[in-house]
Structures are given as structure tokens and as C-alpha cells.
$ cat target.cif   # mmCIF, C-alpha atoms
data_work
loop_
_atom_site.label_atom_id
_atom_site.label_comp_id
_atom_site.auth_asym_id
_atom_site.auth_seq_id
_atom_site.Cartn_x
_atom_site.Cartn_y
_atom_site.Cartn_z
CA MET T 294 114.50 89.79 141.22
CA CYS T 295 113.10 93.14 141.95
CA THR T 296 116.12 95.40 141.51
CA MET T 297 117.92 93.28 138.89
CA ILE T 298 121.17 94.90 140.02
CA VAL T 299 123.67 92.11 139.51
CA GLN T 300 127.16 91.66 138.16
CA GLN T 301 129.26 88.57 137.54
CA ALA T 302 133.03 88.09 137.49
CA GLU T 303 135.24 85.11 136.69
CA ILE T 304 137.37 84.10 139.67
CA ASP T 305 139.82 81.40 140.75
CA GLY T 306 139.68 79.89 144.19
CA SER T 307 137.95 77.36 146.38
CA GLY T 308 134.82 77.57 148.44
CA LYS T 309 133.36 75.34 151.12
CA GLY T 310 129.73 74.55 150.35
CA ALA T 311 127.15 72.14 151.75
CA LYS T 312 129.09 69.16 150.37
CA GLY T 313 132.59 70.34 151.23
CA TRP T 314 135.23 72.14 149.20
CA PHE T 315 134.80 72.83 145.52
CA THR T 316 136.53 74.92 142.86
CA LEU T 317 135.10 78.41 142.42
CA ARG T 318 134.73 79.76 138.91
CA GLN T 319 132.39 82.75 139.19
CA VAL T 320 131.22 85.28 141.73
CA ASN T 321 127.76 86.83 141.45
CA VAL T 322 127.28 90.08 143.30
CA SER T 323 123.80 91.52 143.55
CA TYR T 324 121.91 94.15 145.49
CA ASP T 325 118.52 92.54 145.73
CA HIS T 326 116.25 90.46 147.98
CA PRO T 327 118.26 88.22 150.30
CA TYR T 328 117.09 84.79 151.48
CA HIS T 329 118.11 84.89 155.09
CA VAL T 330 119.38 88.20 156.48
CA PRO T 331 116.35 90.14 157.78
CA LEU T 332 116.56 92.99 155.27
CA GLU T 333 114.43 93.88 152.25
CA HIS T 334 117.53 94.26 150.10
CA ALA T 335 121.09 93.18 150.80
CA LEU T 336 124.47 92.99 149.13
CA ASN T 337 124.46 89.33 148.14
CA ILE T 338 127.61 87.50 147.14
CA ASP T 339 127.36 84.03 145.65
CA PHE T 340 130.63 82.21 145.00
CA VAL T 341 129.69 79.52 142.49
CA ASN T 342 130.83 76.98 139.95
CA GLU T 343 128.13 76.99 137.28
CA ALA T 344 129.41 73.77 135.73
CA GLU T 345 128.74 71.90 138.98
CA GLY T 346 125.09 72.90 139.24
CA ALA T 347 123.01 75.29 141.32
CA GLY T 348 124.10 73.68 144.60
CA ALA T 349 127.78 74.60 144.10
CA ARG T 350 127.33 77.90 145.90
CA VAL T 351 128.75 79.69 148.90
CA ALA T 352 126.33 82.45 149.80
CA VAL T 353 126.85 85.60 151.81
CA GLU T 354 124.21 88.27 152.45
CA LEU T 355 125.43 91.56 153.92
CA SER T 356 124.01 94.88 155.04
CA VAL T 357 125.29 97.84 153.02
CA GLU T 358 127.52 98.94 155.88
CA SER T 359 128.98 95.46 156.25
CA ALA T 360 129.60 95.19 152.52
CA ARG T 361 131.53 98.47 152.54
CA GLN T 362 133.46 97.29 155.59
CA LEU T 363 134.34 94.03 153.83
CA LEU T 364 135.51 95.93 150.76
CA GLN T 365 137.77 98.20 152.81
CA THR T 366 139.13 95.26 154.78
CA ILE T 367 140.02 93.30 151.65
CA GLN T 368 141.71 96.36 150.15
CA ALA T 369 143.65 97.00 153.37
CA VAL T 370 144.84 93.39 153.62
CA LEU T 371 145.87 93.30 149.95
CA ALA T 372 147.73 96.61 150.35
CA ARG T 373 149.67 95.24 153.30
CA ALA T 374 150.48 92.03 151.46
CA GLU T 375 151.59 93.99 148.44
CA ALA T 376 153.73 96.30 150.53
CA GLY T 377 155.39 93.27 152.08
CA GLY T 378 156.06 91.74 148.68
CA TYR T 379 153.86 88.76 149.39
CA LEU T 380 151.36 88.96 146.51
CA GLU T 381 151.39 85.92 144.27
CA GLY T 382 150.22 85.74 140.68
CA ASP T 383 149.05 89.36 140.58
CA THR T 384 148.67 90.53 137.00
CA MET Z 50 83.04 80.30 153.63
CA TYR Z 51 84.02 77.19 155.55
CA HIS Z 52 81.70 76.03 158.34
CA THR Z 53 82.70 73.34 160.81
CA HIS Z 54 80.13 70.80 159.63
CA MET Z 55 81.52 70.79 156.07
CA TYR Z 56 83.60 68.08 154.45
CA GLU Z 57 86.93 69.33 153.21
CA GLY Z 58 89.58 67.56 151.21
CA MET Z 59 92.32 68.51 148.82
CA LEU Z 60 94.67 66.94 146.34
CA ALA Z 61 98.06 68.60 146.04
CA GLU Z 62 100.97 67.32 144.00
CA THR Z 63 103.69 68.11 141.51
CA VAL Z 64 102.56 67.80 137.90
CA THR Z 65 104.06 68.50 134.51
CA MET Z 66 102.56 70.87 131.99
CA ARG Z 67 103.45 72.56 128.72
CA GLY Z 68 104.83 76.04 129.08
CA ASP Z 69 106.36 78.54 126.69
CA LYS Z 70 107.10 77.12 123.21
CA GLY Z 71 105.50 73.83 124.27
CA ASP Z 72 108.35 73.06 126.70
CA VAL Z 73 107.47 70.59 129.43
CA ILE Z 74 107.98 72.16 132.86
CA ASN Z 75 106.86 71.15 136.31
CA ALA Z 76 104.24 72.84 138.44
CA TYR Z 77 102.63 72.49 141.83
CA TYR Z 78 98.93 71.83 141.60
CA ALA Z 79 96.28 71.81 144.32
CA ARG Z 80 92.53 71.45 144.04
CA PRO Z 81 89.60 70.75 146.32
CA LEU Z 82 88.29 67.19 146.16
CA GLY Z 83 84.91 66.81 144.53
CA ALA Z 84 83.32 67.24 141.16
CA GLY Z 85 83.40 71.02 141.16
CA PRO Z 86 82.95 73.11 139.22
CA PHE Z 87 85.88 75.15 140.57
CA PRO Z 88 87.32 78.39 139.29
CA GLY Z 89 90.99 78.18 138.36
CA MET Z 90 93.94 80.20 139.63
CA VAL Z 91 97.47 80.46 138.26
CA VAL Z 92 99.80 81.30 141.14
CA ILE Z 93 103.04 82.94 139.95
CA HIS Z 94 105.99 82.59 142.31
CA HIS Z 95 108.14 85.52 143.34
CA ALA Z 96 111.70 86.32 142.27
CA PRO Z 97 113.37 84.43 145.14
CA GLY Z 98 112.00 81.24 143.64
CA TRP Z 99 109.45 78.46 143.52
CA ASP Z 100 109.59 77.93 147.22
CA GLU Z 101 107.62 76.59 150.15
CA TRP Z 102 105.66 79.82 150.60
CA TYR Z 103 104.35 79.40 147.07
CA ARG Z 104 103.36 75.77 147.56
CA GLU Z 105 101.53 76.89 150.68
CA ALA Z 106 99.86 79.74 148.80
CA THR Z 107 98.77 77.29 146.10
CA ARG Z 108 97.14 75.09 148.76
CA LYS Z 109 95.57 78.19 150.29
CA PHE Z 110 93.78 78.88 147.02
CA ALA Z 111 92.62 75.24 146.90
CA HIS Z 112 91.40 75.57 150.50
CA HIS Z 113 89.31 78.51 149.33
CA GLY Z 114 87.77 76.49 146.51
CA TYR Z 115 90.08 77.11 143.56
CA ALA Z 116 91.90 74.65 141.34
CA ALA Z 117 95.30 76.30 141.62
CA ILE Z 118 98.53 75.74 139.74
CA SER Z 119 101.93 77.29 140.35
CA PRO Z 120 104.27 76.76 137.38
CA ASN Z 121 107.99 76.53 138.09
CA LEU Z 122 109.22 79.47 136.03
CA TYR Z 123 112.82 78.48 136.81
CA PHE Z 124 112.48 74.89 135.54
CA ARG Z 125 114.89 75.48 132.66
CA ASP Z 126 117.56 76.80 135.01
CA GLY Z 127 118.23 73.43 136.60
CA HIS Z 128 117.31 71.85 139.88
CA GLY Z 129 118.46 72.08 143.46
CA THR Z 130 117.06 73.79 146.52
CA PRO Z 131 114.66 76.64 145.61
CA GLU Z 132 117.21 79.09 147.05
CA ASP Z 133 120.12 77.79 145.00
CA VAL Z 134 118.07 77.82 141.80
CA GLY Z 135 116.66 81.25 142.68
CA ALA Z 136 120.16 82.60 143.27
CA LYS Z 137 121.23 81.27 139.89
CA VAL Z 138 118.33 83.04 138.19
CA ARG Z 139 119.06 86.22 140.16
CA ALA Z 140 122.62 86.15 138.82
CA ALA Z 141 121.28 85.75 135.29
CA GLY Z 142 119.06 88.84 135.60
CA GLY Z 143 115.80 86.91 135.96
CA VAL Z 144 113.87 84.93 133.36
CA PRO Z 145 112.81 86.51 130.04
CA ASP Z 146 109.39 88.14 130.12
CA ASP Z 147 108.29 86.30 126.97
CA GLN Z 148 109.13 82.96 128.53
CA ALA Z 149 107.32 83.76 131.80
CA VAL Z 150 104.25 84.89 129.85
CA GLY Z 151 104.36 81.66 127.82
CA ASP Z 152 104.63 79.51 130.94
CA VAL Z 153 101.76 81.29 132.68
CA GLU Z 154 99.64 81.01 129.55
CA GLY Z 155 100.43 77.28 129.51
CA ALA Z 156 99.28 76.99 133.13
CA MET Z 157 96.03 78.76 132.24
CA ARG Z 158 95.47 76.36 129.34
CA TYR Z 159 96.22 73.40 131.63
CA LEU Z 160 93.45 74.58 133.98
CA ARG Z 161 91.02 75.22 131.14
CA SER Z 162 91.57 71.66 129.86
CA LEU Z 163 90.30 70.16 133.12
CA PRO Z 164 86.71 68.86 133.25
CA TYR Z 165 85.79 70.50 136.56
CA ILE Z 166 86.76 74.12 135.85
CA ASN Z 167 83.84 76.56 135.95
CA GLY Z 168 85.13 78.42 132.92
CA LYS Z 169 86.84 81.20 134.91
CA VAL Z 170 90.56 81.48 135.52
CA GLY Z 171 92.44 84.12 137.49
CA VAL Z 172 96.11 84.87 138.05
CA PHE Z 173 97.92 85.89 141.23
CA GLY Z 174 101.52 86.83 141.88
CA THR Z 175 103.75 88.66 144.32
CA CYS Z 176 106.98 90.60 143.72
CA SER Z 177 108.19 89.71 140.19
CA GLY Z 178 105.16 87.37 140.08
CA GLY Z 179 102.88 90.39 140.57
CA ARG Z 180 104.59 92.05 137.64
CA HIS Z 181 104.18 88.88 135.60
CA ALA Z 182 100.49 88.63 136.60
CA PHE Z 183 99.83 92.10 135.21
CA LEU Z 184 101.96 91.47 132.13
CA VAL Z 185 100.20 88.23 131.25
CA ALA Z 186 96.75 89.75 131.86
CA CYS Z 187 97.68 92.34 129.22
CA ARG Z 188 99.36 90.05 126.71
CA VAL Z 189 97.25 86.89 126.85
CA ARG Z 190 93.51 86.39 126.49
CA GLY Z 191 91.87 83.85 128.81
CA PHE Z 192 92.12 85.39 132.25
CA ASP Z 193 89.08 86.70 134.12
CA ALA Z 194 90.84 88.41 137.04
CA ALA Z 195 94.40 89.37 137.93
CA VAL Z 196 96.01 90.08 141.31
CA ASP Z 197 99.28 92.01 141.41
CA CYS Z 198 100.82 92.11 144.88
CA TRP Z 199 103.63 94.68 145.02
CA GLY Z 200 104.96 93.88 141.57
CA GLY Z 201 108.03 96.04 141.02
CA ARG Z 202 109.32 97.28 137.69
CA VAL Z 203 105.85 97.61 136.13
CA ALA Z 204 106.87 101.18 135.41
CA MET Z 205 110.44 101.09 134.10
CA SER Z 206 112.81 103.75 132.87
CA LYS Z 207 114.48 103.22 129.48
CA GLU Z 208 117.75 102.49 131.31
CA GLU Z 209 116.11 99.61 133.18
CA LEU Z 210 114.99 97.79 130.03
CA THR Z 211 117.01 94.69 129.18
CA PRO Z 212 116.87 92.08 126.41
CA LYS Z 213 114.95 89.87 128.86
CA GLN Z 214 112.62 92.70 129.88
CA PRO Z 215 112.45 94.75 126.69
CA VAL Z 216 109.13 96.52 127.34
CA ALA Z 217 107.86 98.10 130.54
CA PRO Z 218 104.63 96.30 131.51
CA ILE Z 219 102.91 99.65 132.07
CA ASP Z 220 103.15 100.20 128.31
CA TYR Z 221 100.77 97.26 127.79
CA THR Z 222 98.08 98.74 130.06
CA LYS Z 223 95.77 99.53 127.16
CA ASP Z 224 95.61 95.76 126.42
CA LEU Z 225 94.64 94.69 129.97
CA SER Z 226 91.89 92.15 129.38
CA CYS Z 227 90.43 91.57 132.87
CA PRO Z 228 89.80 93.33 136.18
CA LEU Z 229 92.95 93.99 138.22
CA LEU Z 230 93.49 94.02 141.99
CA GLY Z 231 96.70 95.65 143.22
CA LEU Z 232 98.01 95.47 146.80
CA PHE Z 233 100.95 97.66 147.74
CA GLY Z 234 102.86 98.95 150.75
CA GLU Z 235 103.48 102.62 151.37
CA GLU Z 236 107.09 101.95 152.44
CA ASP Z 237 107.98 99.88 149.37
CA LYS Z 238 110.79 101.10 147.10
CA SER Z 239 109.90 98.82 144.18
CA PRO Z 240 107.19 99.66 143.37
CA SER Z 241 107.31 103.04 145.08
CA PRO Z 242 103.99 104.79 145.84
CA GLU Z 243 104.85 107.18 142.97
CA GLN Z 244 105.20 104.28 140.53
CA VAL Z 245 101.90 102.79 141.75
CA ALA Z 246 100.24 106.19 141.21
CA GLN Z 247 101.73 106.31 137.71
CA HIS Z 248 100.28 102.87 136.97
CA GLU Z 249 96.92 103.94 138.34
CA ARG Z 250 96.86 107.00 136.08
CA GLU Z 251 97.50 104.74 133.10
CA LEU Z 252 94.69 102.36 134.11
CA LYS Z 253 92.29 105.31 134.48
CA LYS Z 254 93.36 106.74 131.15
CA HIS Z 255 92.39 103.52 129.40
CA GLY Z 256 89.17 103.03 131.38
CA LYS Z 257 90.25 99.74 132.95
CA THR Z 258 88.47 98.02 135.85
CA TYR Z 259 90.86 97.95 138.78
CA GLU Z 260 91.13 98.21 142.56
CA PHE Z 261 94.37 99.41 144.15
CA HIS Z 262 95.01 99.37 147.89
CA MET Z 263 98.03 101.09 149.40
CA TYR Z 264 98.75 99.86 152.93
CA PRO Z 265 100.32 102.17 155.49
CA GLN Z 266 103.21 100.88 157.63
CA ALA Z 267 103.92 98.12 155.13
CA GLY Z 268 106.72 97.65 152.65
CA HIS Z 269 107.57 95.00 150.08
CA GLY Z 270 106.30 91.47 150.72
CA PHE Z 271 104.06 92.07 153.70
CA PHE Z 272 102.33 88.66 153.25
CA TYR Z 273 105.57 86.70 153.88
CA TYR Z 274 105.27 85.48 157.46
CA ASP Z 275 108.85 84.17 157.32
CA ARG Z 276 110.40 87.56 156.54
CA PRO Z 277 110.70 90.73 158.64
CA ALA Z 278 108.51 92.51 156.07
CA TYR Z 279 105.48 90.60 157.39
CA ARG Z 280 102.69 92.88 158.62
CA GLN Z 281 99.98 90.87 160.30
CA GLU Z 282 97.08 93.31 160.11
CA GLN Z 283 97.78 94.37 156.53
CA ALA Z 284 98.32 90.75 155.42
CA VAL Z 285 95.03 89.57 156.92
CA ASP Z 286 93.18 92.43 155.25
CA GLY Z 287 95.06 91.88 152.00
CA TRP Z 288 94.11 88.20 151.78
CA LYS Z 289 90.51 89.17 152.53
CA LYS Z 290 90.58 91.60 149.63
CA VAL Z 291 92.13 88.97 147.33
CA PHE Z 292 89.38 86.43 148.01
CA ALA Z 293 86.57 89.00 147.84
CA PHE Z 294 87.89 90.17 144.46
CA LEU Z 295 88.19 86.62 143.12
CA GLU Z 296 84.73 85.69 144.39
CA LYS Z 297 83.35 88.67 142.49
CA TYR Z 298 84.98 87.86 139.17
CA LEU Z 299 85.59 84.10 139.15
CA SER Z 300 82.47 82.55 140.65
CA ALA Z 301 80.22 80.97 138.05
CA LYS Z 302 77.57 83.58 138.75
CA GLY Z 303 80.15 86.39 138.76
CA ALA Z 304 80.59 89.17 136.24
#
$ encode --input "target.cif" --output "C-alpha cells"
Amino acid sequence: MCTMIVQQAEIDGSGKGAKGWFTLRQVNVSYDHPYHVPLEHALNIDFVNEAEGAGARVAVELSVESARQLLQTIQAVLARAEAGGYLEGDT
Amino acid sequence: MYHTHMYEGMLAETVTMRGDKGDVINAYYARPLGAGPFPGMVVIHHAPGWDEWYREATRKFAHHGYAAISPNLYFRDGHGTPEDVGAKVRAAGGVPDDQAVGDVEGAMRYLRSLPYINGKVGVFGTCSGGRHAFLVACRVRGFDAAVDCWGGRVAMSKEELTPKQPVAPIDYTKDLSCPLLGLFGEEDKSPSPEQVAQHERELKKHGKTYEFHMYPQAGHGFFYYDRPAYRQEQAVDGWKKVFAFLEKYLSAKGA
């Protein structure tokens, strides 16, 4: 892609793709050309399972502002869950 | 130019060809019907993938009288929808430059092996494909014209170099072996107008034949009618410039 700004992380979870639920193994986060959102560049998140092929993908394309908002929201929810003693399997 | 009394027909289909290291990959191929001779065009898809726009562009070249082939540079990355495969390649940091150059060279050789080619072959690409078009025109002999539409990362800082992209294409400028047409948008960030100017200085320095056009009120990808970047007036003019350039350098009587 044109910026080549991309990072991958290993994750555990499930995602609902075109063929239903599947196990997630990786998340690919890039700031590059999106496929759908009408922006030249977007913060793209692909939740994938590489072992299951290219179609095992849950895709999200966000504006920069939305991506920052998502980040803050996740942090806020995790902080509340932690404060309440609800977090499971946190290492 | 097409006139309404003319016969027109085209064959367009998926084919297989030998790419980098002799690997078999697939490609989309379109040519006018008839005995020819036709000039050839290699059509290099953009970073988002080997998608419908590129199959349409391949047929557009055939409509204009070219035997055109668009190799699937992501063939080795598996199959699925063009978006899913493109996203996979995006996550992997793109395809290696050497491999892309090998695949495009293979496509050129495929065209040259055909009995109805007029002996001239050009290369066209947009986005990363524009970058690849310039790169291959520098690194491979056998092209007679190259069209780079808004290819980003031709000029690269040292920090941007990766094992897959170990050399900035601009550093190969001295080896450019055919005339180059470049179409760019003033509002583009990659390549920025400054980077295009840097490339132009390098082309001048080495006495290369080139034509660069910088379009006002256009950004990256202004030919893509399915994206908000589309700019009708600039796209119409851009295509006109592409075909005028190719007519000049790829027709049998051309330079």
C-alpha cells in the first residue's frame, strides 16, 4: 500500500465474518488506503485468522477521530472493569 | 480513433503466465480481435489489489487497440475476494519489489511471445502500480513506454526502506530505459508535489525523456470513479494524455 504503515498483534477472541463466527488469531492495524470508507487514508483494523485463509477477516475502517474515540472508549471501559474487579485473565 | 462504422471485438479472459523465478501466476488478458499487429501493454494493479477496476482498465487498453495483460501480483498470497487478499498483503507490508519486477517482466515476455504483437510493449500502473511501472522500466529491458500514475514512495527516506523495498526507485533513475509519462495530483500526499519535483530533477539530471503533468484540485487516485478521489475533468484529460503518449511511442511507426 502507499503508506506501508502497518502493525500486527497476536490476539485471542472471536469475530463474526461473512460465514459466521470464527476464532481470531491476529489483528492487523494499518493507516493506509481503505476499501470502503470515503477517505484517502483511514485507520484500518482487520481481525483475522491467517490459518483460515484471506476470507477469515472482520474489517473496520475508521476516520482518525473515530479511531482515537474508539481507543479512549476501550481504555475507559477496561478501566471501569478493572476498578470493579471484573477483569479476567489479565496478565 | 473509433468511428461508428467500424467493427469492434475483444477477447478478455483469465490466463496463466510465468512470473518471477518462473512461478506460474494468473493474469487478466484482453486483446482486440483480429490479426493485429497490436502494441502490448502490461497493466499493473494498485496496492488495494487485483480488482474490478483493473480488469476494466485492462479491457480499456484492449478497446484502444492494445493487447493488454494485468498480472495478479498477489497470486502467491492466496485467493479470496480481491479486498480480502489485498488486506492480507497490506498487513504483510506489500509484495517484495524484486518479485513484482519479476512478475511484470514475465508479463512483458508473455506479450512478446505472441504472434500479433507489433514489437512494442508499454507498462502502466497506478498507486503502488505506478511505482512498480517506473521501477520495472528502470530495471528491465524490453519496455518502450512507461506510465506512472501517482506512484507513491518513488522517493523514499532511508527510514522508509524495508527488506521488501530495499532501494528507493528514484535511485534507479539513471537506468530508465524508455520514455516516461507521469500523472499526479497537486493535493496528493504520496507522492507529494515536492517528491514529484524531486523525481523530475533526477530525470532531468540524467537526460531522460519524460512528461509529467500535475493536476490541480486532484489528489491520489483521481481516475477511480468508485472512490471520492475521482475528478472527472482531470481523469478525462489524464486518459487522453495516456493514450496520446502510448500512440507516440508504441505504434509501429512510432519512435
$ interface_residues --input "target.cif" --of "chain Z" --to "chain T" --cutoff "6 Å" --atoms "all atoms listed in the file" --output "number ranges by chain"
Z: 96, 129, 133-134, 139-140, 142, 201, 277
$ residues_near_point --input "target.cif" --point "(88.7, 79.6, 127.9)" --cutoff "10 Å" --atoms "all atoms listed in the file" --output "list in words"
Met157, Arg158, Leu160, Arg161, Ser162, Ile166, Asn167, Gly168, Lys169, Val170, Arg190, Gly191, Phe192 and Asp193 of chain Z
$ residues_around --input "target.cif" --residues "range 211-216 of chain Z" --least-positions-apart "5" --cutoff "7 Å" --atoms "only C-alpha atoms" --output "PyMOL selection string"
chain Z and resi 144-146
$ residues_around --input "target.cif" --residues "Leu371 in chain T" --least-positions-apart "6" --cutoff "12 Å" --atoms "only C-alpha atoms" --output "PyMOL selection string"
chain T and resi 364-365+377-381+383
$ atom_distance --input "target.cif" --atom1 "CA of Cys227 in chain Z" --atom2 "CA of His255 in chain Z"
12.6 Å
$ axis_aligned_box --input "target.cif" --around "range 277-289 of chain Z" --padding-each-side "3 Å" --output "lines of an AutoDock Vina configuration file"
center_x = 100.6
center_y = 91.3
center_z = 156.0
size_x = 26.2
size_y = 12.2
size_z = 14.5
$ closest_residue --input "target.cif" --among "T:Ala376, T:Arg318, T:Asp305, T:Leu336" --to "Leu355 in chain T" --atoms "only C-alpha atoms"
T:Leu336
$ resolve_selection --input "target.cif" --expression "the PyMOL selection byres ((chain Z and resi 173) around 9)" --output "list in words"
Met90, Val91, Val92, Ile93, His94, Gly171, Val172, Gly174, Thr175, Gly178, Gly179, His181, Ala182, Phe183, Ala194, Ala195, Val196, Asp197, Cys198 and Val291 of chain Z
$ atom_distance --input "target.cif" --atom1 "CA of Glu260 in chain Z" --atom2 "CA of Asp286 in chain Z"
14.1 Å
$ closest_residue --input "target.cif" --among "Z:Tyr279, Z:Pro88, Z:Phe272, Z:Met50" --to "Ser300 in chain Z" --atoms "all atoms listed in the file"
Z:Pro88
$ atom_distance --input "target.cif" --atom1 "CA of Leu60 in chain Z" --atom2 "CA of Pro81 in chain Z"
6.3 Å
$ residues_around --input "target.cif" --residues "Gly234 in chain Z" --least-positions-apart "2" --cutoff "10 Å" --atoms "all atoms listed in the file" --output "list of chain:residue names"
Z:Cys198, Z:Trp199, Z:Leu232, Z:Glu236, Z:Asp237, Z:Lys238, Z:Ser239, Z:Pro240, Z:Ser241, Z:Pro242, Z:Val245, Z:His262, Z:Met263, Z:Tyr264, Z:Pro265, Z:Gln266, Z:Ala267, Z:Gly268, Z:His269, Z:Gly270, Z:Phe271, Z:Arg280, Z:Gln283
$ decode --input "target.cif" --residues "range 50-99 of chain Z" --atoms "C-alpha atoms" --output "CSV table (one decimal), in the first residue's frame"
chain,number,residue,atom,x,y,z
Z,50,MET,CA,-9.9,6.5,-33.1
Z,51,TYR,CA,-13.2,4.5,-33.2
Z,52,HIS,CA,-15.8,5.5,-35.8
Z,53,THR,CA,-19.3,4.1,-35.7
Z,54,HIS,CA,-18.9,2.2,-39.0
Z,55,MET,CA,-16.0,0.1,-37.6
Z,56,TYR,CA,-16.1,-3.5,-36.5
Z,57,GLU,CA,-15.0,-4.0,-32.9
Z,58,GLY,CA,-14.5,-7.1,-30.9
Z,59,MET,CA,-12.4,-8.2,-28.0
Z,60,LEU,CA,-11.3,-11.3,-26.2
Z,61,ALA,CA,-10.9,-11.0,-22.4
Z,62,GLU,CA,-10.1,-13.8,-20.1
Z,63,THR,CA,-8.0,-15.1,-17.2
Z,64,VAL,CA,-4.8,-16.7,-18.3
Z,65,THR,CA,-1.7,-18.1,-16.6
Z,66,MET,CA,1.8,-16.9,-17.2
Z,67,ARG,CA,5.3,-17.3,-15.8
Z,68,GLY,CA,6.3,-14.6,-13.4
Z,69,ASP,CA,9.2,-14.0,-11.1
Z,70,LYS,CA,11.5,-17.1,-10.8
Z,71,GLY,CA,9.4,-18.9,-13.3
Z,72,ASP,CA,6.5,-19.2,-10.9
Z,73,VAL,CA,3.1,-19.7,-12.6
Z,74,ILE,CA,0.7,-16.9,-11.7
Z,75,ASN,CA,-2.6,-15.8,-13.1
Z,76,ALA,CA,-3.3,-12.7,-15.1
Z,77,TYR,CA,-6.2,-11.0,-16.8
Z,78,TYR,CA,-5.7,-10.6,-20.5
Z,79,ALA,CA,-7.6,-8.6,-23.1
Z,80,ARG,CA,-6.9,-8.0,-26.7
Z,81,PRO,CA,-8.8,-6.7,-29.8
Z,82,LEU,CA,-10.0,-9.4,-32.2
Z,83,GLY,CA,-8.2,-9.6,-35.4
Z,84,ALA,CA,-4.7,-10.4,-36.8
Z,85,GLY,CA,-3.1,-7.2,-35.5
Z,86,PRO,CA,-0.4,-6.3,-35.2
Z,87,PHE,CA,-1.1,-4.7,-31.8
Z,88,PRO,CA,1.2,-3.0,-29.4
Z,89,GLY,CA,1.3,-4.6,-25.9
Z,90,MET,CA,0.6,-3.1,-22.5
Z,91,VAL,CA,1.3,-4.5,-19.1
Z,92,VAL,CA,-1.2,-3.1,-16.6
Z,93,ILE,CA,0.0,-3.2,-13.0
Z,94,HIS,CA,-2.7,-3.2,-10.4
Z,95,HIS,CA,-2.7,-0.8,-7.4
Z,96,ALA,CA,-2.0,-1.7,-3.8
Z,97,PRO,CA,-5.6,-2.3,-2.9
Z,98,GLY,CA,-5.5,-5.3,-5.1
Z,99,TRP,CA,-6.2,-7.0,-8.5
